[in-house]
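Reproduced below: coords01.cif, with mmCIF, C-alpha atoms.
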```
data_structure
loop_
_atom_site.label_atom_id
_atom_site.label_comp_id
_atom_site.auth_asym_id
_atom_site.auth_seq_id
_atom_site.Cartn_x
_atom_site.Cartn_y
_atom_site.Cartn_z
CA MET A 7 0.00 0.00 0.00
CA GLY A 8 2.45 2.66 1.17
CA ALA A 9 2.24 6.41 0.96
CA LYS A 10 -0.66 8.41 -0.35
CA ILE A 11 0.53 10.89 -2.95
CA ILE A 12 -1.28 14.22 -2.84
CA THR A 13 -0.72 16.94 -5.42
CA VAL A 14 -1.50 20.54 -4.48
CA THR A 15 -2.39 22.67 -7.49
CA SER A 16 -4.46 25.70 -8.48
CA GLY A 17 -4.08 26.94 -12.04
CA LYS A 18 -3.64 30.53 -10.95
CA GLY A 19 -0.44 31.61 -9.22
CA GLY A 20 -0.34 33.36 -5.89
CA VAL A 21 -3.33 31.69 -4.28
CA GLY A 22 -1.27 29.88 -1.63
CA LYS A 23 -0.20 26.51 -3.07
CA THR A 24 3.26 26.58 -1.59
CA THR A 25 2.05 27.87 1.78
CA THR A 26 -0.58 25.14 1.78
CA THR A 27 1.88 22.39 0.85
CA ALA A 28 4.36 23.49 3.52
CA ASN A 29 1.67 23.67 6.19
CA LEU A 30 0.07 20.35 5.29
CA GLY A 31 3.52 18.76 5.46
CA ILE A 32 4.13 20.25 8.92
CA ALA A 33 0.60 19.43 10.11
CA MET A 34 0.91 15.84 8.96
CA ALA A 35 4.32 15.52 10.65
CA LYS A 36 2.72 16.83 13.86
CA LEU A 37 0.28 13.94 13.54
CA ASN A 38 3.35 11.65 13.65
CA LYS A 39 3.14 10.70 10.00
CA ARG A 40 6.17 10.10 7.81
CA VAL A 41 6.04 12.83 5.18
CA VAL A 42 7.89 14.05 2.08
CA VAL A 43 7.08 17.35 0.43
CA ILE A 44 8.29 17.77 -3.15
CA ASP A 45 8.71 21.13 -4.86
CA ALA A 46 7.75 20.48 -8.51
CA ASP A 47 8.10 24.13 -9.53
CA ILE A 48 11.37 23.77 -11.43
CA GLY A 49 13.09 27.11 -11.92
CA LEU A 50 10.95 28.94 -9.38
CA ARG A 51 11.68 27.05 -6.21
CA ASN A 52 10.09 28.38 -3.06
CA LEU A 53 8.95 25.55 -0.85
CA ASP A 54 12.42 25.52 0.72
CA VAL A 55 12.22 29.13 1.92
CA VAL A 56 8.64 28.82 3.14
CA MET A 57 9.75 25.83 5.25
CA GLY A 58 12.96 27.48 6.41
CA LEU A 59 15.23 24.87 4.81
CA GLU A 60 16.86 26.93 2.06
CA ASN A 61 20.37 26.84 3.52
CA ARG A 62 20.54 23.06 3.66
CA ILE A 63 20.09 22.33 -0.02
CA VAL A 64 22.86 20.39 -1.75
CA TYR A 65 21.05 18.35 -4.39
CA ASP A 66 17.63 18.84 -5.97
CA LEU A 67 14.93 17.04 -7.93
CA VAL A 68 16.68 17.43 -11.28
CA ASP A 69 19.93 16.07 -9.83
CA VAL A 70 17.99 12.93 -8.87
CA VAL A 71 16.36 12.60 -12.29
CA GLU A 72 19.65 13.10 -14.10
CA GLY A 73 21.48 10.65 -11.85
CA ARG A 74 23.90 13.04 -10.14
CA CYS A 75 22.81 11.88 -6.71
CA LYS A 76 20.70 9.27 -4.99
CA LEU A 77 17.16 10.13 -4.03
CA ARG A 78 18.09 10.05 -0.33
CA GLN A 79 20.79 12.66 -0.87
CA ALA A 80 18.25 15.18 -2.20
CA MET A 81 15.94 14.73 0.79
CA ILE A 82 16.36 17.47 3.39
CA LYS A 83 15.27 16.58 6.89
CA HIS A 84 13.19 19.19 8.71
CA LYS A 85 14.72 20.77 11.80
CA LEU A 86 11.82 19.89 14.11
CA PHE A 87 10.42 16.66 12.65
CA PRO A 88 12.75 13.75 11.94
CA ASP A 89 10.16 12.12 9.68
CA LEU A 90 9.51 15.19 7.51
CA TYR A 91 11.60 15.69 4.38
CA LEU A 92 11.76 18.21 1.56
CA ILE A 93 12.88 17.47 -1.98
CA PRO A 94 13.64 20.89 -3.46
CA ALA A 95 13.16 21.95 -7.06
CA ALA A 96 16.12 22.94 -9.21
CA GLN A 97 16.42 26.70 -9.42
CA THR A 98 18.60 27.04 -12.50
CA ARG A 99 16.68 24.73 -14.82
CA ASP A 100 13.18 24.72 -16.28
CA LYS A 101 10.22 22.38 -16.20
CA THR A 102 11.34 20.47 -19.29
CA ALA A 103 14.20 19.04 -17.22
CA ILE A 104 11.82 16.40 -15.83
CA SER A 105 8.96 14.39 -17.26
CA PRO A 106 5.73 13.01 -15.80
CA SER A 107 7.23 9.51 -15.80
CA ASP A 108 10.24 10.76 -13.82
CA MET A 109 7.83 12.02 -11.18
CA VAL A 110 5.96 8.72 -11.09
CA GLN A 111 9.23 6.88 -10.66
CA ILE A 112 10.42 9.08 -7.80
CA ALA A 113 7.05 8.91 -6.04
CA ASN A 114 7.02 5.13 -6.31
CA GLN A 115 10.47 4.92 -4.74
CA LEU A 116 9.22 6.96 -1.79
CA ARG A 117 5.92 5.14 -1.39
CA LYS A 118 7.22 2.26 0.71
CA GLU A 119 8.87 4.33 3.41
CA PHE A 120 6.38 7.15 3.95
CA ASP A 121 2.74 7.79 4.78
CA PHE A 122 2.11 10.98 2.81
CA ILE A 123 3.87 12.65 -0.11
CA PHE A 124 2.77 16.18 -0.97
CA ILE A 125 3.69 17.61 -4.36
CA ASP A 126 3.67 21.38 -4.77
CA SER A 127 2.59 22.00 -8.36
CA PRO A 128 3.66 25.06 -10.31
CA ALA A 129 0.98 27.46 -11.52
CA GLY A 130 -0.33 26.97 -15.04
CA ILE A 131 -1.67 24.03 -16.98
CA GLU A 132 1.41 22.95 -18.88
CA ARG A 133 4.38 20.65 -18.42
CA GLY A 134 5.06 21.52 -14.80
CA PHE A 135 1.44 20.86 -13.85
CA ARG A 136 1.48 17.58 -15.81
CA ASN A 137 4.63 16.54 -13.94
CA ALA A 138 3.02 17.26 -10.59
CA LEU A 139 -0.24 15.54 -11.52
CA ALA A 140 1.22 12.33 -12.95
CA PRO A 141 1.94 10.46 -9.69
CA ALA A 142 -1.06 11.82 -7.74
CA ASP A 143 -3.44 9.53 -5.87
CA GLU A 144 -5.43 12.57 -4.83
CA VAL A 145 -5.49 16.20 -5.93
CA LEU A 146 -6.16 19.26 -3.79
CA ILE A 147 -7.04 22.49 -5.53
CA VAL A 148 -6.22 25.70 -3.72
CA THR A 149 -8.28 28.72 -4.65
CA ASN A 150 -9.26 32.11 -3.28
CA PRO A 151 -12.80 33.48 -3.19
CA GLU A 152 -12.14 35.67 -6.24
CA VAL A 153 -13.38 35.50 -9.82
CA SER A 154 -10.02 34.87 -11.51
CA ALA A 155 -8.88 32.21 -9.03
CA VAL A 156 -12.18 30.35 -9.20
CA ARG A 157 -12.20 30.44 -12.99
CA ASP A 158 -8.70 28.96 -13.13
CA ALA A 159 -9.65 26.35 -10.53
CA ASP A 160 -12.49 25.28 -12.78
CA ARG A 161 -10.13 24.84 -15.71
CA ILE A 162 -7.84 22.72 -13.55
CA ILE A 163 -10.77 20.59 -12.35
CA GLY A 164 -11.63 19.82 -15.98
CA LEU A 165 -8.03 18.81 -16.72
CA ILE A 166 -7.87 16.63 -13.61
CA GLU A 167 -11.06 14.84 -14.62
CA ALA A 168 -9.75 14.37 -18.15
CA ALA A 169 -6.58 12.83 -16.66
CA LYS A 170 -8.77 10.51 -14.55
CA LYS A 171 -7.27 11.86 -11.34
CA GLY A 172 -10.53 13.16 -9.90
CA PRO A 173 -12.52 13.94 -7.99
CA ALA A 174 -10.25 16.65 -6.67
CA ARG A 175 -11.07 18.43 -3.44
CA LEU A 176 -11.01 22.13 -2.76
CA ILE A 177 -9.11 24.22 -0.24
CA LEU A 178 -10.59 27.69 -0.05
CA ASN A 179 -7.75 29.91 1.10
CA ARG A 180 -7.72 33.51 2.38
CA MET A 181 -11.37 33.59 3.33
CA LYS A 182 -12.52 36.84 4.92
CA ILE A 183 -15.69 36.12 6.78
CA ASN A 184 -16.57 39.75 7.43
CA MET A 185 -16.42 40.56 3.74
CA VAL A 186 -18.69 37.58 3.03
CA LYS A 187 -21.18 38.92 5.55
CA ARG A 188 -21.16 42.31 3.82
CA GLY A 189 -21.78 40.66 0.46
CA GLU A 190 -18.33 41.71 -0.76
CA MET A 191 -16.77 38.29 -1.14
CA LEU A 192 -17.89 34.95 -2.57
CA SER A 193 -18.90 32.62 0.24
CA PRO A 194 -17.64 29.04 0.53
CA GLU A 195 -21.10 27.93 -0.54
CA ASP A 196 -20.95 30.14 -3.65
CA VAL A 197 -17.59 28.69 -4.64
CA THR A 198 -18.51 25.04 -4.11
CA ASP A 199 -21.79 25.64 -5.89
CA ILE A 200 -20.03 27.10 -8.92
CA LEU A 201 -17.26 24.51 -9.06
CA ALA A 202 -19.44 21.50 -8.10
CA ILE A 203 -16.62 19.96 -6.11
CA GLY A 204 -16.17 18.76 -2.54
CA ILE A 205 -14.39 21.01 -0.08
CA ILE A 206 -11.77 19.74 2.35
CA GLY A 207 -10.96 22.96 4.13
CA ILE A 208 -11.53 26.67 4.51
CA VAL A 209 -8.48 28.68 5.56
CA PRO A 210 -9.24 32.10 6.97
CA GLU A 211 -7.17 35.12 6.05
CA ASP A 212 -4.62 35.38 8.84
CA GLU A 213 -1.99 38.08 9.37
CA ALA A 214 0.26 35.47 10.96
CA VAL A 215 0.92 33.89 7.54
CA VAL A 216 3.29 36.59 6.22
CA PRO A 217 5.50 36.70 9.35
CA ALA A 218 5.56 32.90 9.16
CA SER A 219 6.98 32.96 5.66
CA ASN A 220 9.31 35.83 6.61
CA THR A 221 10.91 33.58 9.20
CA GLY A 222 10.50 30.22 7.48
CA VAL A 223 8.36 28.87 10.32
CA PRO A 224 5.04 27.75 8.80
CA VAL A 225 1.96 29.08 10.51
CA THR A 226 0.83 25.60 11.54
CA LEU A 227 3.61 25.75 14.17
CA ASN A 228 1.92 28.82 15.68
CA GLU A 229 -0.57 27.52 18.21
CA ASN A 230 -2.60 30.73 18.14
CA SER A 231 -3.09 30.93 14.40
CA ARG A 232 -6.53 30.24 12.96
CA ALA A 233 -5.00 29.52 9.56
CA GLY A 234 -2.68 27.06 11.26
CA LEU A 235 -5.62 25.32 12.87
CA ALA A 236 -7.38 25.14 9.50
CA PHE A 237 -4.32 23.44 7.96
CA THR A 238 -4.13 21.00 10.87
CA ASN A 239 -7.79 20.16 10.35
CA ILE A 240 -7.22 19.53 6.64
CA ALA A 241 -4.35 17.18 7.49
CA ARG A 242 -6.59 15.30 9.91
CA ARG A 243 -9.28 14.96 7.24
CA LEU A 244 -6.70 13.65 4.76
CA ASN A 245 -5.75 11.19 7.45
CA GLY A 246 -9.31 9.87 7.52
CA GLU A 247 -10.61 11.68 10.59
CA ASN A 248 -14.06 13.19 10.48
CA VAL A 249 -13.37 16.79 11.47
CA PRO A 250 -16.22 19.25 10.95
CA LEU A 251 -15.40 22.41 9.03
CA MET A 252 -14.11 25.11 11.36
CA SER A 253 -16.71 27.57 12.44
CA LEU A 254 -15.24 30.87 11.37
CA GLU A 255 -16.00 33.50 13.98
CA ASN A 256 -19.64 34.60 14.20
CA SER A 257 -20.22 32.49 11.21
CA GLY A 258 -24.00 32.60 10.90
CA GLY A 259 -26.03 30.23 8.83
CA PHE A 260 -24.03 29.62 5.71
CA LEU A 261 -21.31 27.62 7.38
CA GLN A 262 -23.83 25.20 8.71
CA ARG A 263 -24.99 24.66 5.17
CA ILE A 264 -21.38 24.22 4.09
CA SER A 265 -20.84 21.75 6.90
CA ARG A 266 -23.72 19.72 5.60
CA LEU A 267 -22.30 19.94 2.11
CA PHE A 268 -18.96 18.75 3.40
CA ALA A 269 -20.52 15.93 5.35
CA GLY A 270 -22.38 14.91 2.22
CA LYS A 271 -19.37 14.98 -0.07
CA SER A 272 -17.01 13.25 2.29
CA GLY A 273 -19.49 10.51 2.95
CA MET B 19 -40.30 31.05 -18.10
CA VAL B 20 -39.38 34.70 -17.67
CA GLY B 21 -38.36 34.07 -14.08
CA PHE B 22 -36.18 31.22 -15.20
CA PHE B 23 -34.37 33.42 -17.69
CA ASP B 24 -33.99 36.18 -15.16
CA ARG B 25 -32.17 33.79 -12.90
CA MET B 26 -30.14 32.34 -15.71
CA LEU B 27 -28.96 35.68 -17.01
CA GLY B 28 -28.26 36.99 -13.55
CA ARG B 29 -31.05 39.54 -13.49
CA ASN B 30 -31.99 39.19 -9.90
CA ARG B 31 -32.39 41.51 -6.98
CA ASP B 32 -29.17 40.76 -5.10
CA GLU B 33 -26.96 43.67 -6.16
CA SER B 34 -24.00 42.75 -3.92
CA SER B 35 -20.61 42.48 -5.58
CA ALA B 36 -20.33 38.90 -4.29
CA ASN B 37 -23.48 38.00 -6.16
CA LYS B 38 -22.23 39.76 -9.28
CA ALA B 39 -19.03 37.73 -9.03
CA LYS B 40 -21.06 34.54 -8.81
CA GLU B 41 -23.24 35.37 -11.80
CA ARG B 42 -20.27 36.48 -13.90
CA LEU B 43 -18.39 33.30 -13.03
CA LYS B 44 -21.33 31.12 -13.99
CA PHE B 45 -21.54 32.83 -17.35
CA VAL B 46 -17.82 32.59 -18.04
CA LEU B 47 -17.51 28.98 -16.91
CA VAL B 48 -20.34 27.62 -19.01
CA HIS B 49 -18.52 28.92 -22.08
CA ASP B 50 -15.10 27.79 -20.83
CA ARG B 51 -16.43 24.30 -20.21
CA ILE B 52 -18.13 23.58 -23.53
CA ASN B 53 -15.04 24.57 -25.47
CA LEU B 54 -17.09 25.81 -28.44
CA PRO B 55 -15.59 28.91 -30.07
CA PRO B 56 -17.88 31.97 -29.76
CA GLU B 57 -18.24 32.39 -33.53
CA GLN B 58 -19.45 28.80 -33.89
CA LEU B 59 -21.92 29.28 -31.06
CA LYS B 60 -23.20 32.38 -32.85
CA MET B 61 -23.51 30.46 -36.13
CA MET B 62 -25.40 27.68 -34.38
CA LYS B 63 -27.88 30.15 -32.88
CA GLU B 64 -28.41 31.82 -36.24
CA GLU B 65 -29.03 28.51 -38.00
CA ILE B 66 -31.50 27.43 -35.33
CA LEU B 67 -33.42 30.66 -35.81
CA GLN B 68 -33.37 30.25 -39.58
CA VAL B 69 -35.01 26.86 -39.24
CA ILE B 70 -37.66 28.13 -36.85
CA SER B 71 -38.43 31.11 -39.06
CA LYS B 72 -39.28 28.77 -41.95
CA TYR B 73 -42.40 27.84 -40.00
CA VAL B 74 -43.31 30.75 -37.77
CA SER B 75 -42.57 34.43 -37.74
CA ILE B 76 -40.13 35.22 -34.94
CA ALA B 77 -40.11 38.36 -32.85
CA GLY B 78 -36.40 38.73 -33.45
CA ASP B 79 -35.59 41.31 -30.80
CA GLN B 80 -36.99 39.18 -27.98
CA VAL B 81 -35.20 35.96 -28.79
CA GLU B 82 -32.99 34.55 -26.03
CA ILE B 83 -30.76 31.56 -26.61
CA ALA B 84 -28.36 30.77 -23.83
CA LEU B 85 -26.25 27.98 -22.45
CA GLU B 86 -27.08 26.56 -19.10
CA GLN B 87 -25.24 24.05 -16.99
CA HIS B 88 -26.33 22.05 -13.97
CA ASP B 89 -22.91 20.56 -13.53
CA ARG B 90 -19.74 20.15 -15.52
CA ASN B 91 -21.09 17.50 -17.87
CA ASP B 92 -24.72 18.52 -18.07
CA ASN B 93 -24.98 21.25 -20.69
CA ARG B 94 -28.21 22.58 -22.09
CA LEU B 95 -29.00 25.04 -24.79
CA ILE B 96 -32.08 26.89 -23.59
CA ALA B 97 -34.03 28.89 -26.14
CA GLU B 98 -36.86 31.32 -25.62
CA VAL B 99 -38.23 32.24 -29.04
CA PRO B 100 -41.37 34.34 -28.98
CA PHE B 101 -43.32 34.30 -32.23
CA SER B 102 -46.57 35.90 -33.24
CA ARG B 103 -48.14 33.58 -35.80
CA ARG B 104 -47.45 31.34 -38.69
CA ILE B 105 -46.08 33.07 -41.71
CA ASP B 106 -48.57 33.77 -44.46
CA LEU B 107 -47.51 31.05 -46.85
CA GLU B 108 -48.37 28.44 -44.22
CA ASP B 109 -51.78 30.00 -43.77
CA VAL B 110 -52.50 29.51 -47.45
CA GLU B 111 -51.56 25.87 -47.13
CA ASP B 112 -53.90 25.58 -44.19
CA GLU B 113 -56.72 26.83 -46.35
CA ALA B 114 -55.90 24.12 -48.86
CA GLU B 115 -55.86 21.53 -46.13
CA ARG B 116 -59.17 22.67 -44.75
CA ASN B 117 -60.65 22.31 -48.18
CA LEU B 118 -59.30 18.81 -48.36
CA PHE B 119 -60.94 17.97 -45.07
CA ASN B 120 -64.21 19.40 -46.30
CA ASP B 121 -64.00 17.05 -49.22
CA HIS B 122 -63.77 14.08 -46.78
CA ASN B 123 -60.39 13.21 -48.22
CA TYR B 124 -58.91 12.11 -44.89
CA GLU B 125 -57.16 8.98 -46.05
CA THR B 126 -54.75 10.93 -48.26
CA ARG B 127 -53.24 12.47 -45.14
CA PRO B 128 -53.16 9.71 -42.59
CA ASN B 129 -50.53 11.30 -40.37
CA ARG B 130 -52.14 14.69 -39.94
CA SER B 131 -54.68 15.84 -37.45
CA ILE B 132 -58.17 15.54 -38.80
CA ASN B 133 -59.40 18.33 -36.63
CA PRO B 134 -59.48 21.59 -38.60
CA GLU B 135 -59.55 23.52 -35.31
CA ALA B 136 -55.95 22.60 -34.76
CA TYR B 137 -54.95 24.78 -37.66
CA ASP B 138 -56.41 27.97 -36.33
CA ASP B 139 -53.88 30.67 -35.63
CA ASP B 140 -54.83 30.80 -31.98
CA ALA B 141 -54.16 27.14 -31.47
CA ILE B 142 -50.51 27.24 -32.46
CA ASP B 143 -48.68 27.24 -29.21
CA ASP B 144 -47.56 23.73 -28.57
CA SER B 145 -44.08 25.21 -28.63
CA GLU B 146 -44.05 25.96 -24.91
CA ALA B 147 -42.46 22.61 -24.38
CA THR B 148 -38.95 24.03 -24.63
#
```
Output the file's structure as structure tokens, nothing else.
Amino acid sequence: MGAKIITVTSGKGGVGKTTTTANLGIAMAKLNKRVVVIDADIGLRNLDVVMGLENRIVYDLVDVVEGRCKLRQAMIKHKLFPDLYLIPAAQTRDKTAISPSDMVQIANQLRKEFDFIFIDSPAGIERGFRNALAPADEVLIVTNPEVSAVRDADRIIGLIEAAKKGPARLILNRMKINMVKRGEMLSPEDVTDILAIGIIGIVPEDEAVVPASNTGVPVTLNENSRAGLAFTNIARRLNGENVPLMSLENSGGFLQRISRLFAGKSG
Amino acid sequence: MVGFFDRMLGRNRDESSANKAKERLKFVLVHDRINLPPEQLKMMKEEILQVISKYVSIAGDQVEIALEQHDRNDNRLIAEVPFSRRIDLEDVEDEAERNLFNDHNYETRPNRSINPEAYDDDAIDDSEAT
């Protein structure tokens, strides 16, 4: 059986894929799971800095593919969790340096020794996305409650279905509950209604996220962060626990409806 | 029917920007998902109307043909095509048919209605079954 391979993607850039991947990796490690996070964004590597591991990189994903090192040598152990590893992207190459079958091969090598493998997909719908999608057992789509992000998420959902990797599940990131209440932001219900897809988590906008990436200490390690709690809850759901969707403060009626939706979709 | 189209085209009372975002997204996504170039969609609509106008006279400025989607793989083309009456040529043919009926010549038209009432102008609105 081995590890479950989960690809985090979005279509649009800047919605929080890398932040999400880093935090799910940390959250899963906190649950005592053996985890690898892979940065598949060749040429624009960032997962290393978000996780605070940038100064430990010797080898990268392309070095593994091109045989300059063993897979183990490219795996960077996290400072706090001995069972959490990062495989960084190459920074000086581009996405054509690896192929979807390379990714499948690497993921299969890791499967035996780990519980979860998270792959941080690059933005876009081209080669880099195909590479990240190829080994996936499950796909998480990160989006924001904004027109352009939701439109791109829809495109990605179509491509995931066409690749027979669905059904993907949604992470709605940077939710501002007060704006929803004022009718100034799409609600979680609006977004799931439009995309017709199950939701696995709602991450509230949280000012702790930027300082977390400033320092390379993901927000999930901050016990007081609501975003951190949301990521922990997503990790628990991925782990098979039945965790109700977080009640965002003073949430009112719509979250109850969303909770029902979630309960329905997750069976 | 009007209410249905109001909803479909986003003409409803919720003026919030969130609701506008939702309606705009629905419109954009239905076109994104079917992957039919806009000019071909336009051609298809025009050809449909050409066919309909062979039989009835269409109130062209009130025609609405739009795509609707219940989920990703359930696409519908919904048309609202108001028309006033049959075009005149058809009416002449009706007269001919009525004369045939008066001559008790039913068996020459076995597949047609034998009730002349059905050919009155007022009776032509089976088309609501869109």
Atom-to-atom span, atom CA of Leu90 of chain A and atom CA of Ile125 of chain A, Å: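 The value is 13.4 Å.
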Quick one: which residues end up in the PyMOL selection byres ((chain B and resi 35) around 8) for this structure, as a ChimeraX atom specification? /A:189-191 /B:33-34,36-39
A straight line from atom CA of Val81 of chain B to atom CA of Arg94 of chain B spans 16.5 Å
Assuming the chain letters and numbering stay as they are in my file, what does the PyMOL selection byres ((chain A) within 10 of (chain B)) actually select? List them as JSON, numbers by chain. {"A": [151, 152, 153, 154, 156, 157, 158, 160, 161, 163, 164, 185, 186, 187, 188, 189, 190, 191, 192, 193, 196, 197, 199, 200, 201, 202, 203]}
On this structure, which residues satisfy the PyMOL selection byres ((chain B and resi 75) around 8), written as a PyMOL selection string? chain B and resi 71-74+76-77+101-105
Proximity to Ile66 of chain B - best of B:His49, B:Leu54, B:Glu98, B:Glu86, only C-alpha atoms: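 Selected residue with least distance to Ile66 of chain B: B:Glu98.
Relative to atom CA of Met81 of chain A, atom CA of Glu247 of chain A is found at 28.5 Å.
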What lies within 9 Å of Ile32 of chain A using only C-alpha atoms, ignoring chain neighbours under 3 positions off, as an mmCIF file with C-alpha atoms, in the coordinates of the input?
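Saved the output as selection.cif:
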```cif
data_model
loop_
_atom_site.group_PDB
_atom_site.id
_atom_site.type_symbol
_atom_site.label_atom_id
_atom_site.label_comp_id
_atom_site.auth_asym_id
_atom_site.auth_seq_id
_atom_site.Cartn_x
_atom_site.Cartn_y
_atom_site.Cartn_z
ATOM 1 C CA THR A 27 1.880 22.390 0.850
ATOM 2 C CA ALA A 28 4.360 23.490 3.520
ATOM 3 C CA ASN A 29 1.670 23.670 6.190
ATOM 4 C CA ALA A 35 4.320 15.520 10.650
ATOM 5 C CA LYS A 36 2.720 16.830 13.860
ATOM 6 C CA LEU A 37 0.280 13.940 13.540
ATOM 7 C CA VAL A 41 6.040 12.830 5.180
ATOM 8 C CA MET A 57 9.750 25.830 5.250
ATOM 9 C CA PHE A 87 10.420 16.660 12.650
ATOM 10 C CA LEU A 90 9.510 15.190 7.510
ATOM 11 C CA PRO A 224 5.040 27.750 8.800
ATOM 12 C CA THR A 226 0.830 25.600 11.540
ATOM 13 C CA LEU A 227 3.610 25.750 14.170
ATOM 14 C CA THR A 238 -4.130 21.000 10.870
#
```
Padding 8 Å on each side, edges along x, y and z: where is the centre of the box around the listed atoms of segment 85-96 of chain B, and how long are its edges in Å to one decimal? Output it as AutoDock Vina command-line options.
```
--center_x -25.9 --center_y 22.7 --center_z -19.2 --size_x 28.3 --size_y 26.5 --size_z 27.3
```
Need the neighbours of (-3.0, 35.7, -9.4): which residues are at most 10 Å away, counting only C-alpha atoms, as a PyMOL selection string? chain A and resi 17-22+129+149-150+152+154-155+158
Which residues come within 7 Å of Arg51 of chain A, counting all atoms listed in the file, excluding same-chain residues fewer than 5 positions away, as number ranges by chain? A: 45, 95-97
Mind listing whatever residues come within 6 Å of the point (1.0, 32.9, 10.7)? Use all atoms listed in the file, file coordinates, and give them as a PyMOL selection string. chain A and resi 214-215+218+225+231
If you count all atoms listed in the file, which residues fall within 8 Å of Met34 of chain A, apart from same-chain ones fewer than 3 positions away, as a CSV table (one decimal) with C-alpha atoms, in the coordinates of the input?
```csv
chain,number,residue,atom,x,y,z
A,30,LEU,CA,0.1,20.4,5.3
A,31,GLY,CA,3.5,18.8,5.5
A,37,LEU,CA,0.3,13.9,13.5
A,38,ASN,CA,3.4,11.6,13.6
A,39,LYS,CA,3.1,10.7,10.0
A,40,ARG,CA,6.2,10.1,7.8
A,41,VAL,CA,6.0,12.8,5.2
A,122,PHE,CA,2.1,11.0,2.8
A,238,THR,CA,-4.1,21.0,10.9
A,241,ALA,CA,-4.4,17.2,7.5
A,242,ARG,CA,-6.6,15.3,9.9
```
Since the input has fewer atoms than a full residue there, write segment 138-154 of chain A out with N, CA and C atoms, as a PDB file, in the frame of the given file.
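Saved file rebuild_30.pdb follows:
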```
ATOM      1  N   ALA A 138       3.504  17.352 -11.976  1.00  0.00           N
ATOM      2  CA  ALA A 138       3.020  17.260 -10.590  1.00  0.00           C
ATOM      3  C   ALA A 138       1.803  16.342 -10.492  1.00  0.00           C
ATOM      4  N   LEU A 139       1.007  16.312 -11.556  1.00  0.00           N
ATOM      5  CA  LEU A 139      -0.240  15.540 -11.520  1.00  0.00           C
ATOM      6  C   LEU A 139       0.009  14.029 -11.722  1.00  0.00           C
ATOM      7  N   ALA A 140       1.035  13.720 -12.507  1.00  0.00           N
ATOM      8  CA  ALA A 140       1.220  12.330 -12.950  1.00  0.00           C
ATOM      9  C   ALA A 140       1.206  11.293 -11.821  1.00  0.00           C
ATOM     10  N   PRO A 141       1.936  11.508 -10.724  1.00  0.00           N
ATOM     11  CA  PRO A 141       1.940  10.460  -9.690  1.00  0.00           C
ATOM     12  C   PRO A 141       0.812  10.561  -8.665  1.00  0.00           C
ATOM     13  N   ALA A 142      -0.094  11.517  -8.816  1.00  0.00           N
ATOM     14  CA  ALA A 142      -1.060  11.820  -7.740  1.00  0.00           C
ATOM     15  C   ALA A 142      -2.064  10.701  -7.523  1.00  0.00           C
ATOM     16  N   ASP A 143      -2.299  10.366  -6.248  1.00  0.00           N
ATOM     17  CA  ASP A 143      -3.440   9.530  -5.870  1.00  0.00           C
ATOM     18  C   ASP A 143      -4.652  10.419  -5.593  1.00  0.00           C
ATOM     19  N   GLU A 144      -4.368  11.620  -5.173  1.00  0.00           N
ATOM     20  CA  GLU A 144      -5.430  12.570  -4.830  1.00  0.00           C
ATOM     21  C   GLU A 144      -4.934  13.969  -5.160  1.00  0.00           C
ATOM     22  N   VAL A 145      -5.876  14.842  -5.564  1.00  0.00           N
ATOM     23  CA  VAL A 145      -5.490  16.200  -5.930  1.00  0.00           C
ATOM     24  C   VAL A 145      -6.254  17.194  -5.061  1.00  0.00           C
ATOM     25  N   LEU A 146      -5.531  18.158  -4.518  1.00  0.00           N
ATOM     26  CA  LEU A 146      -6.160  19.260  -3.790  1.00  0.00           C
ATOM     27  C   LEU A 146      -5.997  20.525  -4.606  1.00  0.00           C
ATOM     28  N   ILE A 147      -7.084  21.249  -4.767  1.00  0.00           N
ATOM     29  CA  ILE A 147      -7.040  22.490  -5.530  1.00  0.00           C
ATOM     30  C   ILE A 147      -7.186  23.653  -4.566  1.00  0.00           C
ATOM     31  N   VAL A 148      -6.180  24.516  -4.573  1.00  0.00           N
ATOM     32  CA  VAL A 148      -6.220  25.700  -3.720  1.00  0.00           C
ATOM     33  C   VAL A 148      -6.808  26.843  -4.542  1.00  0.00           C
ATOM     34  N   THR A 149      -7.774  27.537  -3.963  1.00  0.00           N
ATOM     35  CA  THR A 149      -8.280  28.720  -4.650  1.00  0.00           C
ATOM     36  C   THR A 149      -8.612  29.781  -3.625  1.00  0.00           C
ATOM     37  N   ASN A 150      -8.825  30.991  -4.126  1.00  0.00           N
ATOM     38  CA  ASN A 150      -9.260  32.110  -3.280  1.00  0.00           C
ATOM     39  C   ASN A 150     -10.674  32.480  -3.710  1.00  0.00           C
ATOM     40  N   PRO A 151     -11.428  33.111  -2.817  1.00  0.00           N
ATOM     41  CA  PRO A 151     -12.800  33.480  -3.190  1.00  0.00           C
ATOM     42  C   PRO A 151     -12.832  34.707  -4.106  1.00  0.00           C
ATOM     43  N   GLU A 152     -12.200  34.578  -5.275  1.00  0.00           N
ATOM     44  CA  GLU A 152     -12.140  35.670  -6.240  1.00  0.00           C
ATOM     45  C   GLU A 152     -12.401  35.107  -7.640  1.00  0.00           C
ATOM     46  N   VAL A 153     -12.947  35.952  -8.503  1.00  0.00           N
ATOM     47  CA  VAL A 153     -13.380  35.500  -9.820  1.00  0.00           C
ATOM     48  C   VAL A 153     -12.250  34.808 -10.598  1.00  0.00           C
ATOM     49  N   SER A 154     -11.082  35.437 -10.662  1.00  0.00           N
ATOM     50  CA  SER A 154     -10.020  34.870 -11.510  1.00  0.00           C
ATOM     51  C   SER A 154      -9.515  33.545 -10.948  1.00  0.00           C
TER      52      SER A 154
END
```
